[in-house]
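Trainee: The structure's right below; bear with me while I get my questions together.
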Amino acid sequence: MTASREIHLASRPRGWPTEENFRLVTTEVPAPGPGQLLVRNTYVSVDPYMRGRMDDVKSYVPPFALDAPLDGGAVGEVVASEADGFAPGDTVLHGLGWREYALLEAKAARTVDPDLAPVTAYLGVLGMTGLTAYAGLLDVAGMRPGETVFVSGAAGAVGSVVGQIAKLRGAARVIGSAGSPAKVERLTALGFDAAFDYHDGPVRELLRTAAPDGIDVYFDNVGGEHLEAAIGAMRLHGRAAICGMIAQYNATEPPAAPRNLALLIGKRLTLRGFLVGDHGHLREQFVREVSGWLRDGRLHHDETVVDGIENAPAAFLGLLRGENLGKMLVKV
C-alpha cells in the first residue's frame with residue numbers, strides 16, 4: 001500500500017465555489033493487479049469544464065461524486081506495472097488527477113516522451129487544450145486564410161493557442177479579449193493584431209474599435225456579453241466555435257445575453273458547439289503540425305504552475321477568477 005493525498009469534493013457549490021467545497025484526504029493506494037499501473041503524478045491539469053462536473057446535473061460527462069476524489073488530466077511516472085508495454089520509469093498521460101498516486105488500468109494510460117517536449121506540454125499545448133484550439137478553429141469554425149478572427153478568453157490555455165494558430169494559418173487579423181492590461185500586453189507579444197481588456201467598457205464597443213470591418217470567425221470561451229458582441233460584429237456567413245461559457249459557469253440565474261440572436265437569420269451565421277472528444281481523427285495531424293511550430297519557435301505556450309496537491313482547490317478557484325496566464329497546472 002502507498003500513502004497518497006487526494007482532493008475530494010466535500011459539497012456541491014451553489015454559485016462560486018469556495019475552499020469549503022473541497023477536502024484534502026490521505027488514503028492508501030494498493031499495489032497494481034493484472035493489467036494495472038501505479039503512477040506517481042507529477043503534474044495535474046486544472047480546467048474550466050471541471051466546474052460543471054461539480055453540479056449534480058446531466059451533462060456530456062458524469063458529475064463528480066461527493067466524498068470521492070476528483071479527476072482530470074495528469075502526467076506522471078510509473079512506479080509499478082503489471083501490464084505489458086509499461087515499465088517503472090515510464091512517463092504516462094492519464095485521467096486520474098487531483099491526487100498524488102493513481103492506480104489505473106493500463107488501457108487508460110498513454111506513454112509520452114519527455115525528451116520530445118516538456119511533460120507539461122502533454123497536458124496543454126500538445127494535449128487536450130491544444131487539440132481543442134486546433135479543432136475548434138480549423139474544423140468547427142472552418143477558418144480560411146484572409147479572414148478576421150476574434151477570440152474571447154484569449155490569454156487562457158486554449159485561447160492563446162487559437163490566436164497563434166489563426167495567424168500561422170493565414171488569418172488577416174486576429175483580435176483577443178482578456179481580463180487585465182498584463183494579459184493584453186502578452187497577447188500582443190504572441191502576435192495578436194489587436195487585444196483589449198474587457199473591463200475597459202462594453203465589449204461590443206471595444207470589439208468594434210478593434211475590428212471596424214467586422215469579423216468572420218469567433219472562438220468563444222466566455223459566452224454572455226462576448227457572444228452578443230461577436231454576433232453583432234459578424235459579417236455574412238460568419239461562424240462561431242462555441243468552446244466554453246465561463247462567464248456563466250457560476251451564475252445562479254440565466255444570462256441576459258445574447259439578446260441579438262435574430263441576426264443569425266439575415267447574416268446566415270453558424271454557431272456550433274463542440275467537444276474535443278469528437279475530433280480525435282485530427283490528433284496525428286495536430287501533433288505533427290503543432291509540434292513543428294513549437295520546434296521552430298513559431299508557437300508559444302504559457303503556463304501557470306501552483307505547487308502542491310493541497311493547493312489544487314486554490315488553483316481551480318484562481319482559474320475561475322482569471323488569475324492564470326495560459327495553462328493552469330498543479331505540480332504534485
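Just so we're on the same page: first chain in the C-alpha cells is A, next is B, and so on; residues restart at 1 for each chain, and ligands are numbered from 1 in the order they show up.
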How close does each residue of range 70-165 of chain A get to range 29-33 of chain A, giving the shortest atom pair and distance in Å to one decimal for every residue with an atom at most 9 Å away, counting only C-alpha atoms, sorted by chain and residue number, as CSV?

Mentor:
```
residue,atom,partner,partner_atom,distance
A:Ala80,CA,A:Pro32,CA,6.9
A:Ser81,CA,A:Pro32,CA,6.6
A:Glu82,CA,A:Gly33,CA,6.1
A:Ala83,CA,A:Gly33,CA,8.6
A:Tyr101,CA,A:Val29,CA,7.3
A:Ala102,CA,A:Val29,CA,7.5
A:Leu103,CA,A:Pro32,CA,6.6
A:Leu104,CA,A:Pro32,CA,7.9
A:Glu105,CA,A:Pro32,CA,8.8
```

Trainee: Mind checking which residues fall within 9 Å of range 154-163 of chain A, counting only C-alpha atoms, ignoring those fewer than 4 positions away in the same chain, and posting them as a VMD selection string?

Mentor: chain A and resid 124 to 125 129 to 134 136 to 137 149 to 150 167 to 168 174 to 179 183 to 184 186 to 187 190 to 192 195 219 to 221 299 to 303 322 324 to 328

Trainee: Just to confirm, what's the straight-line distance from CA of Pro34 in chain A to CA of Pro69 in chain A in Å (one decimal)?

Mentor: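 A separation of 23.0 Å between them.
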
Trainee: For a quick check of understanding, using only C-alpha atoms, which of A:Phe86, A:Tyr249, A:Trp98, A:Phe196 has the smallest distance to Ala312 in chain A?

Mentor: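 Residue with the minimum atom-to-atom distance to Ala312 in chain A: A:Trp98.
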
Trainee: For Leu126 in chain A, work out the shell of residues within 10 Å, counting only C-alpha atoms and skipping chain neighbours fewer than 3 positions away, then give it as a ChimeraX atom specification.

Mentor: /A:117-123,129-131,283,286-288,290-291,294,301

Trainee: So what do you get for CA of Thr111 in chain A versus CA of Glu284 in chain A, distance-wise?

Mentor: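 Interatomic distance here is 15.2 Å.
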
Trainee: Among range 143-212 of chain A, which residues does DSSP mark as strand (DSSP E) when it is run on the backbone? Keep the chain and numbering as in the structure and answer as a list of chain:residue names.

Mentor: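 Reading the DSSP output for range 143-212 of chain A, strand (DSSP E) covers A:Thr148, A:Val149, A:Phe150, A:Val151, A:Arg173, A:Val174, A:Ile175, A:Gly176, A:Ser177, A:Ala178, A:Ala194, A:Ala195, A:Phe196, A:Asp197.
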
Trainee: Would you please extract all alpha helix (DSSP H) residues from range 188-289 of chain A, as assigned by DSSP on the backbone, and give them as a ChimeraX atom specification?

Mentor: /A:188-189,203-210,224-233,263-267,283-289

Trainee: Just the number, please: distance in Å from CA of Gly95 in chain A to CA of Gly273 in chain A, one decimal.

Mentor: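 These atoms are spaced 23.3 Å apart.
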
Trainee: Could you check which of A:Leu66, A:Leu138, A:Val57, A:Leu37 is closest to Gln285 in chain A, using only C-alpha atoms?

Mentor: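 Under the stated criterion, the closest residue is A:Leu138.
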
Trainee: Near Glu6 in chain A, within 7 Å and counting only C-alpha atoms, which residues show up once chain neighbours fewer than 6 positions away are dropped, as a VMD selection string?

Mentor: chain A and resid 24 to 26 69 98 to 100

Trainee: Restricted to N, CA and C atoms, what would the selected residues look like written as a PDB file, in the first residue's frame?

Mentor:
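In the end it all went to selection.pdb:
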```
ATOM      1  N   LEU A  24      -9.045  17.771   1.656  1.00  0.00           N
ATOM      2  CA  LEU A  24      -7.796  17.040   1.446  1.00  0.00           C
ATOM      3  C   LEU A  24      -7.845  15.769   2.276  1.00  0.00           C
ATOM      4  N   VAL A  25      -7.674  14.624   1.629  1.00  0.00           N
ATOM      5  CA  VAL A  25      -7.814  13.319   2.283  1.00  0.00           C
ATOM      6  C   VAL A  25      -6.542  12.509   2.051  1.00  0.00           C
ATOM      7  N   THR A  26      -6.072  11.813   3.080  1.00  0.00           N
ATOM      8  CA  THR A  26      -4.967  10.870   2.937  1.00  0.00           C
ATOM      9  C   THR A  26      -5.533   9.464   2.888  1.00  0.00           C
ATOM     10  N   PRO A  69     -12.526  11.263  -4.755  1.00  0.00           N
ATOM     11  CA  PRO A  69     -11.546  12.123  -5.419  1.00  0.00           C
ATOM     12  C   PRO A  69     -12.061  12.664  -6.741  1.00  0.00           C
ATOM     13  N   TRP A  98      -5.730  15.169  -9.530  1.00  0.00           N
ATOM     14  CA  TRP A  98      -6.178  15.627  -8.214  1.00  0.00           C
ATOM     15  C   TRP A  98      -5.750  14.665  -7.099  1.00  0.00           C
ATOM     16  N   ARG A  99      -4.654  13.947  -7.306  1.00  0.00           N
ATOM     17  CA  ARG A  99      -4.141  13.022  -6.297  1.00  0.00           C
ATOM     18  C   ARG A  99      -2.646  12.813  -6.550  1.00  0.00           C
ATOM     19  N   GLU A 100      -1.956  12.350  -5.494  1.00  0.00           N
ATOM     20  CA  GLU A 100      -0.516  12.137  -5.618  1.00  0.00           C
ATOM     21  C   GLU A 100      -0.191  10.835  -6.342  1.00  0.00           C
TER      22      GLU A 100
END
```

Trainee: Counting only C-alpha atoms, which of A:Pro17, A:Gly72, A:Gly89, A:Gly52 gets nearest to Val112 in chain A?

Mentor: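 Of A:Pro17, A:Gly72, A:Gly89, A:Gly52, the one nearest Val112 in chain A, counting only C-alpha atoms, is A:Gly89.
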
Trainee: Looking at A:Val39, A:Ala141, A:Ala74, A:Ile215, which one is nearest to Thr2 in chain A, with distances taken over only C-alpha atoms?

Mentor: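 The closest residue to Thr2 in chain A is A:Val39.
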
Trainee: Can you list, as a VMD selection string, every protein, DNA or RNA residue that comes within 12 Å of Met245 in chain A when you count only C-alpha atoms, leaving out same-chain residues fewer than 5 positions away?

Mentor: chain A and resid 48 to 49 51 to 52 152 to 153 219 to 227 250 to 251 255 257 to 258 273 320

Trainee: Near range 308-311 of chain A, within 6 Å and counting only C-alpha atoms, which residues show up once chain neighbours fewer than 3 positions away are dropped, as a compact mmCIF listing (two decimals) with N, CA and C atoms, in the first residue's frame?

Mentor:
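Produced file selection.txt, reproduced below:
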```txt
# COMPACT_ATOMS: atom_id res chain seq x y z
N ALA A 314 -7.25 25.86 -4.55
CA ALA A 314 -6.92 27.28 -4.73
C ALA A 314 -6.56 27.57 -6.17
N LYS A 331 1.73 21.32 -9.68
CA LYS A 331 2.90 20.44 -9.56
C LYS A 331 2.74 19.64 -8.28
N VAL A 332 2.60 18.35 -8.44
CA VAL A 332 2.31 17.48 -7.31
C VAL A 332 3.56 17.25 -6.48
```

Trainee: Taking only C-alpha atoms into account, which of A:Gly297, A:Pro254, A:Pro145, A:Gly238 comes nearest Arg268 in chain A?

Mentor: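 Of the candidates, the smallest distance to Arg268 in chain A is held by A:Gly238.
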
Trainee: Which residue out of A:Arg40, A:Arg23, A:Arg173, A:Arg12 has the minimum interatomic distance to Val79 in chain A when only C-alpha atoms are used?

Mentor: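 Closest residue, counting only C-alpha atoms: A:Arg40.
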